[in-house]
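S.K.: For reference, this is model.txt, and it has compact mmCIF, C-alpha atoms and all ligand atoms.
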# COMPACT_ATOMS: atom_id res chain seq x y z
CA MET A 28 25.02 -16.87 4.36
CA ASP A 29 24.92 -13.12 4.89
CA ASN A 30 23.01 -11.68 1.94
CA ARG A 31 23.01 -8.12 3.23
CA LEU A 32 23.17 -5.49 0.50
CA PRO A 33 24.69 -2.00 0.79
CA ILE A 34 21.97 0.41 1.90
CA PRO A 35 21.54 3.24 -0.63
CA SER A 36 21.40 6.83 0.58
CA PRO A 37 19.32 8.89 0.81
CA LEU A 38 16.54 6.47 1.61
CA PRO A 39 12.85 7.17 1.08
CA ARG A 40 10.93 7.55 4.31
CA HIS A 41 7.81 6.13 2.73
CA VAL A 42 7.60 3.59 -0.12
CA ALA A 43 4.27 2.79 -1.77
CA CYS A 44 3.83 -0.26 -4.04
CA ILE A 45 1.33 -1.09 -6.75
CA MET A 46 1.69 -4.87 -6.58
CA ASP A 47 0.80 -5.77 -10.15
CA GLY A 48 1.24 -8.92 -12.21
CA ASN A 49 -0.08 -11.70 -9.98
CA GLY A 50 -2.54 -12.87 -12.65
CA ARG A 51 0.09 -12.96 -15.41
CA TRP A 52 2.53 -14.76 -13.11
CA ALA A 53 -0.06 -17.49 -12.54
CA LYS A 54 -1.14 -17.65 -16.19
CA SER A 55 2.45 -18.09 -17.40
CA ARG A 56 2.64 -21.17 -15.16
CA GLY A 57 -0.74 -22.56 -16.23
CA MET A 58 -2.15 -21.85 -12.76
CA MET A 59 -5.39 -20.25 -11.58
CA ARG A 60 -5.15 -16.52 -10.83
CA HIS A 61 -5.60 -16.99 -7.09
CA LYS A 62 -2.30 -18.91 -6.99
CA GLY A 63 -0.65 -15.75 -8.28
CA HIS A 64 -2.18 -13.75 -5.44
CA ARG A 65 -0.94 -16.36 -2.96
CA ALA A 66 2.59 -16.07 -4.35
CA GLY A 67 2.09 -12.29 -4.13
CA ALA A 68 1.47 -12.59 -0.40
CA ASP A 69 4.90 -14.28 -0.04
CA ALA A 70 6.45 -11.32 -1.84
CA VAL A 71 4.76 -9.04 0.72
CA ASN A 72 6.69 -10.79 3.51
CA ARG A 73 9.97 -10.40 1.59
CA ILE A 74 9.40 -6.67 1.16
CA LEU A 75 8.50 -6.21 4.84
CA ASP A 76 11.88 -7.77 5.72
CA SER A 77 13.62 -5.58 3.14
CA CYS A 78 12.10 -2.42 4.65
CA LEU A 79 13.19 -3.49 8.12
CA GLU A 80 16.69 -4.28 6.89
CA ALA A 81 17.03 -0.94 5.09
CA GLY A 82 15.38 1.02 7.91
CA ILE A 83 12.42 2.41 5.94
CA PRO A 84 9.69 3.40 8.41
CA TRP A 85 6.61 3.50 6.10
CA LEU A 86 5.37 1.02 3.49
CA THR A 87 1.98 1.26 1.76
CA LEU A 88 0.72 -1.67 -0.32
CA TYR A 89 -2.17 -1.45 -2.81
CA ALA A 90 -3.74 -4.78 -1.86
CA PHE A 91 -7.30 -4.33 -3.15
CA SER A 92 -8.75 -1.39 -5.11
CA SER A 93 -12.34 -0.18 -5.09
CA GLU A 94 -12.45 -1.33 -8.74
CA ASN A 95 -11.28 -4.85 -7.78
CA TRP A 96 -14.80 -5.54 -6.41
CA CYS A 97 -15.83 -5.88 -10.08
CA ARG A 98 -13.59 -8.94 -10.62
CA PRO A 99 -15.25 -12.39 -10.85
CA ARG A 100 -16.76 -13.43 -7.51
CA VAL A 101 -14.35 -16.36 -7.06
CA GLU A 102 -11.35 -14.06 -7.41
CA VAL A 103 -12.76 -11.49 -4.96
CA GLU A 104 -13.47 -14.30 -2.49
CA ALA A 105 -9.97 -15.69 -2.93
CA LEU A 106 -8.44 -12.26 -2.27
CA MET A 107 -10.60 -11.70 0.84
CA HIS A 108 -9.67 -15.18 2.06
CA LEU A 109 -5.99 -14.44 1.50
CA LEU A 110 -6.26 -11.17 3.44
CA HIS A 111 -8.00 -12.98 6.30
CA GLU A 112 -5.32 -15.70 6.35
CA PHE A 113 -2.54 -13.12 6.17
CA LEU A 114 -3.93 -11.26 9.21
CA LYS A 115 -4.46 -14.47 11.17
CA LYS A 116 -1.06 -15.93 10.36
CA GLU A 117 1.16 -12.87 10.36
CA ILE A 118 0.05 -11.23 13.63
CA LYS A 119 2.91 -13.10 15.34
CA THR A 120 5.39 -11.78 12.78
CA LEU A 121 4.02 -8.23 13.04
CA MET A 122 4.52 -8.34 16.81
CA SER A 123 7.94 -10.01 16.79
CA LYS A 124 9.23 -7.66 14.06
CA ASP A 125 7.70 -4.57 15.71
CA ILE A 126 5.48 -3.70 12.71
CA ARG A 127 2.43 -1.48 13.16
CA LEU A 128 -0.51 -2.14 10.85
CA HIS A 129 -2.74 0.59 9.38
CA ALA A 130 -5.46 0.34 6.74
CA ILE A 131 -6.88 2.89 4.31
CA GLY A 132 -9.95 2.58 2.10
CA ASP A 133 -13.66 1.88 2.42
CA LEU A 134 -13.24 -0.84 5.04
CA SER A 135 -17.03 -1.06 5.54
CA ARG A 136 -17.18 -3.17 2.36
CA LEU A 137 -14.90 -5.91 3.72
CA PRO A 138 -16.51 -9.13 5.02
CA GLU A 139 -17.48 -8.56 8.65
CA LYS A 140 -15.19 -11.20 10.15
CA THR A 141 -12.19 -9.85 8.20
CA SER A 142 -13.03 -6.29 9.15
CA ILE A 143 -13.10 -7.30 12.86
CA LEU A 144 -9.81 -9.20 12.54
CA LEU A 145 -8.28 -6.23 10.73
CA GLN A 146 -9.34 -3.81 13.48
CA ASN A 147 -8.03 -6.19 16.18
CA THR A 148 -4.67 -6.43 14.38
CA ILE A 149 -4.49 -2.63 14.02
CA ASP A 150 -5.23 -2.24 17.75
CA GLN A 151 -2.82 -4.99 18.80
CA THR A 152 0.09 -3.57 16.79
CA ALA A 153 -0.59 0.08 17.72
CA GLY A 154 2.47 0.28 20.00
CA ASN A 155 4.94 -1.04 17.38
CA THR A 156 7.39 1.44 15.90
CA SER A 157 10.00 -0.16 13.59
CA LEU A 158 7.84 -0.17 10.48
CA ASN A 159 4.37 1.20 9.63
CA LEU A 160 2.63 -1.11 7.17
CA VAL A 161 -0.36 0.53 5.47
CA LEU A 162 -2.70 -1.78 3.56
CA ALA A 163 -4.85 -0.04 0.96
CA LEU A 164 -8.03 -2.13 0.95
CA SER A 165 -11.17 -1.38 -1.01
CA TYR A 166 -9.23 1.78 -1.77
CA GLY A 167 -9.81 4.29 -4.54
CA SER A 168 -8.18 7.69 -4.56
CA ARG A 169 -11.00 9.58 -6.26
CA ALA A 170 -13.47 8.21 -3.71
CA GLU A 171 -11.08 9.20 -0.91
CA ILE A 172 -10.88 12.76 -2.26
CA LEU A 173 -14.68 13.00 -2.65
CA ARG A 174 -15.13 11.74 0.92
CA ALA A 175 -12.78 14.45 2.17
CA VAL A 176 -14.63 17.12 0.16
CA ARG A 177 -17.98 15.98 1.60
CA LYS A 178 -16.64 16.06 5.17
CA ILE A 179 -15.22 19.55 4.67
CA ALA A 180 -18.47 20.78 3.05
CA GLU A 181 -20.41 19.38 6.00
CA GLU A 182 -18.16 21.14 8.52
CA SER A 183 -18.49 24.35 6.55
CA ARG A 184 -22.28 24.04 6.47
CA ASN A 185 -22.32 23.46 10.24
CA GLY A 186 -20.29 26.63 10.71
CA LYS A 187 -17.30 24.68 12.10
CA LEU A 188 -14.99 26.12 9.47
CA ASP A 189 -14.85 28.96 7.00
CA PRO A 190 -13.89 28.33 3.33
CA SER A 191 -10.78 30.44 3.94
CA ASP A 192 -9.67 27.81 6.51
CA ILE A 193 -9.39 25.18 3.75
CA THR A 194 -5.65 24.75 3.34
CA GLU A 195 -3.61 21.80 2.01
CA GLU A 196 -2.99 20.74 5.63
CA LEU A 197 -6.71 20.82 6.45
CA PHE A 198 -7.52 18.86 3.30
CA CYS A 199 -4.84 16.22 4.13
CA SER A 200 -6.30 15.83 7.60
CA HIS A 201 -9.58 14.66 6.01
CA LEU A 202 -7.95 11.95 3.87
CA TYR A 203 -7.61 8.31 4.98
CA THR A 204 -3.86 8.98 5.14
CA SER A 205 -4.18 11.74 7.73
CA GLY A 206 -1.04 11.83 9.88
CA MET A 207 1.01 9.69 7.47
CA PRO A 208 3.91 11.10 5.44
CA ASP A 209 3.45 11.29 1.65
CA PRO A 210 5.21 8.51 -0.28
CA ASP A 211 8.69 9.49 -1.47
CA LEU A 212 8.94 6.51 -3.80
CA LEU A 213 6.19 4.73 -5.72
CA ILE A 214 7.07 1.30 -7.13
CA ARG A 215 4.91 -0.39 -9.74
CA THR A 216 5.67 -3.91 -10.84
CA SER A 217 4.82 -5.69 -14.12
CA GLY A 218 5.82 -2.86 -16.43
CA GLU A 219 2.56 -0.92 -16.56
CA ASN A 220 3.02 2.85 -16.59
CA ARG A 221 -0.20 3.71 -14.77
CA ILE A 222 -1.25 5.09 -11.38
CA SER A 223 -4.58 3.19 -11.26
CA ASN A 224 -6.43 5.52 -8.86
CA PHE A 225 -3.77 5.11 -6.13
CA LEU A 226 -2.92 7.96 -3.73
CA LEU A 227 -3.47 10.67 -6.37
CA TRP A 228 -3.13 13.55 -3.91
CA GLN A 229 -0.32 11.99 -1.87
CA ILE A 230 2.06 11.11 -4.75
CA SER A 231 2.24 14.67 -6.14
CA TYR A 232 6.02 14.74 -5.62
CA SER A 233 6.81 11.02 -5.37
CA GLU A 234 9.55 9.51 -7.50
CA ILE A 235 8.21 6.66 -9.65
CA HIS A 236 10.05 3.39 -10.30
CA VAL A 237 8.47 0.93 -12.75
CA THR A 238 9.95 -2.54 -13.13
CA ASP A 239 8.99 -5.31 -15.55
CA THR A 240 9.27 -7.88 -12.74
CA LEU A 241 5.90 -9.38 -11.84
CA TRP A 242 4.95 -8.86 -8.18
CA PRO A 243 5.26 -12.55 -7.10
CA ASP A 244 8.85 -12.53 -8.47
CA PHE A 245 9.72 -9.22 -6.76
CA THR A 246 12.70 -9.83 -4.45
CA LYS A 247 14.80 -7.96 -1.97
CA GLU A 248 17.32 -7.37 -4.80
CA ASP A 249 14.57 -5.75 -6.93
CA PHE A 250 13.51 -3.63 -3.95
CA PHE A 251 17.08 -2.47 -3.32
CA GLU A 252 17.42 -1.71 -7.06
CA ALA A 253 14.41 0.62 -6.67
CA LEU A 254 16.09 2.21 -3.62
CA ARG A 255 19.30 2.78 -5.64
CA ASP A 256 17.24 4.32 -8.43
CA TYR A 257 15.58 6.63 -5.88
CA ALA A 258 18.94 7.56 -4.28
CA GLY A 259 20.15 8.75 -7.69
CA ARG A 260 17.18 11.05 -8.29
CA GLN A 261 17.34 14.80 -7.82
CA ARG A 262 14.15 15.90 -6.10
CA ARG A 263 13.33 19.52 -6.74
CA PHE A 264 9.69 19.76 -5.62
CA GLY A 265 9.04 22.26 -8.41
CA GLY A 266 12.12 24.36 -7.56
CA VAL A 267 15.37 24.59 -9.57
C1 LIG B 1 -2.83 -6.98 -9.04
O1 LIG B 1 -2.41 -8.04 -9.88
C2 LIG B 1 -2.88 -7.43 -7.66
C3 LIG B 1 -4.02 -7.47 -6.89
C4 LIG B 1 -5.32 -7.02 -7.38
C5 LIG B 1 -4.00 -8.01 -5.52
C6 LIG B 1 -2.76 -7.80 -4.72
C7 LIG B 1 -2.73 -8.80 -3.62
C8 LIG B 1 -1.64 -9.45 -3.17
C9 LIG B 1 -0.26 -9.16 -3.64
C10 LIG B 1 -1.70 -10.53 -2.15
C11 LIG B 1 -2.42 -10.23 -0.93
C12 LIG B 1 -1.82 -9.17 -0.10
C13 LIG B 1 -1.88 -9.20 1.24
C14 LIG B 1 -1.40 -8.04 2.00
C15 LIG B 1 -2.40 -10.35 1.95
P1 LIG B 1 -3.38 -8.55 -11.03
O2 LIG B 1 -4.22 -9.63 -10.49
O3 LIG B 1 -4.15 -7.40 -11.60
O4 LIG B 1 -2.34 -9.08 -12.08
P2 LIG B 1 -2.48 -9.08 -13.67
O5 LIG B 1 -2.46 -7.64 -14.10
O6 LIG B 1 -1.26 -9.83 -14.11
O7 LIG B 1 -3.76 -9.79 -14.01
Starting from the file, lay out its structure as structure tokens.
M.R.:
Amino acid sequence: MDNRLPIPSPLPRHVACIMDGNGRWAKSRGMMRHKGHRAGADAVNRILDSCLEAGIPWLTLYAFSSENWCRPRVEVEALMHLLHEFLKKEIKTLMSKDIRLHAIGDLSRLPEKTSILLQNTIDQTAGNTSLNLVLALSYGSRAEILRAVRKIAEESRNGKLDPSDITEELFCSHLYTSGMPDPDLLIRTSGENRISNFLLWQISYSEIHVTDTLWPDFTKEDFFEALRDYAGRQRRFGGV
């Protein structure tokens, strides 16, 4: 059966997702929270296919925040295990579907074996061009901004740059997202109207789509609904 949907226009070049609601999805089924995260990983695969079908070249997923380290140890371990499994299992898919992997965040905090696997996957997929998948891991936007400020201050102290050289472009080039386009569309699932320390600088002019659907239930139809919502927006970037 051909379940292709009409592709809305204009399309966002970059979609970012706050994948929320895994815990509630599991709880409503009397399951442990990690089962919700596992079902969330299946939704990730659906959305990768949806991006490829629509022709969206950038997708950023908030997979683990810097604050998520404070969750109970078993849940953190389950999430790290899931990430490791995802990388191990999906490398074939990333290659066959021409998807390039990137990661942003404080990757030094990841378990060593996962960090090595992550770097190998990033290197292996570096020549792929159909879709750029950015995983935000151990990511916090305030920490990212502070890190950029420290690097710029250091360069200024070393005489490599003058304060008058500090432009928006220079600042962007010190963020984890250097070289990536800003998200045009931010999707948050599970009905929460919050940004949760995600890409604070980069979403300045993003359109925001919040859906009540919990992330594990998020389908291609929901994704295309967000694209239709985006296509109907008038983006003015502060102009009239
Ligand atoms: C938020 O839901 C979700 C997370 C903290 C983890 C997101 C991870 C995945 C979707 C799966 C792994 C992804 C990859 C790329 C392998 P929550 O647990 O806060 O939900 P709740 O608000 O209902 O409790």
S.K.: Just checking: using only C-alpha atoms, which residue out of A:Phe250, A:Phe245, A:Phe264, A:Phe91 ends up closest to Tyr232 of chain A?
M.R.: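 Looking only at the distances to Tyr232 of chain A, the closest residue turns out to be A:Phe264.
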S.K.: May I have the residues within 6 Å of ligand LIG 1 (chain B), computed using all atoms listed in the file, as an MDAnalysis selection string?
M.R.: chainID A and resid 46:51 64:65 67:68 90:91 109:110 113
S.K.: The residues within 10 Å of (-4.2, -12.9, 10.4), using only C-alpha atoms and the coordinates of the file, should be reported as a list in words; which are they?
M.R.: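 Residues with an atom close enough to that point: Leu109, Leu110, His111, Glu112, Phe113, Leu114, Lys115, Lys116, Glu117, Ile118, Lys119, Thr120, Leu121, Thr141, Leu144, Leu145, Asn147 and Thr148 of chain A.
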S.K.: Every residue with an atom at most 12 Å from (-15.4, 19.7, -2.3) (file coordinates; only C-alpha atoms) is what I'm after, so could you write them as a CSV table (one decimal) with C-alpha atoms, keeping the file's coordinate frame?
M.R.:
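As a result, point-v1.csv now contains:
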chain,number,residue,atom,x,y,z
A,169,ARG,CA,-11.0,9.6,-6.3
A,170,ALA,CA,-13.5,8.2,-3.7
A,171,GLU,CA,-11.1,9.2,-0.9
A,172,ILE,CA,-10.9,12.8,-2.3
A,173,LEU,CA,-14.7,13.0,-2.6
A,174,ARG,CA,-15.1,11.7,0.9
A,175,ALA,CA,-12.8,14.4,2.2
A,176,VAL,CA,-14.6,17.1,0.2
A,177,ARG,CA,-18.0,16.0,1.6
A,178,LYS,CA,-16.6,16.1,5.2
A,179,ILE,CA,-15.2,19.6,4.7
A,180,ALA,CA,-18.5,20.8,3.0
A,181,GLU,CA,-20.4,19.4,6.0
A,182,GLU,CA,-18.2,21.1,8.5
A,183,SER,CA,-18.5,24.4,6.6
A,184,ARG,CA,-22.3,24.0,6.5
A,190,PRO,CA,-13.9,28.3,3.3
A,193,ILE,CA,-9.4,25.2,3.8
A,198,PHE,CA,-7.5,18.9,3.3
A,201,HIS,CA,-9.6,14.7,6.0
S.K.: Pick the closest to Arg100 of chain A from A:Asn155, A:Val42, A:His61, A:Ser191: which is it, counting only C-alpha atoms?
M.R.: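 That would be A:His61, the residue with the smallest distance to Arg100 of chain A.
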S.K.: Pick out the closest residue to Asn72 of chain A from this set: A:Gly167, A:Pro210, A:Gly265, A:Pro243. Count all atoms listed in the file.
M.R.: A:Pro243
S.K.: Fewer than 6 positions away in the same chain doesn't count, so skip those; otherwise give me all residues within 10 Å of Asp256 of chain A, counting all atoms listed in the file, as number ranges by chain.
M.R.: A: 35, 212, 234-236, 250
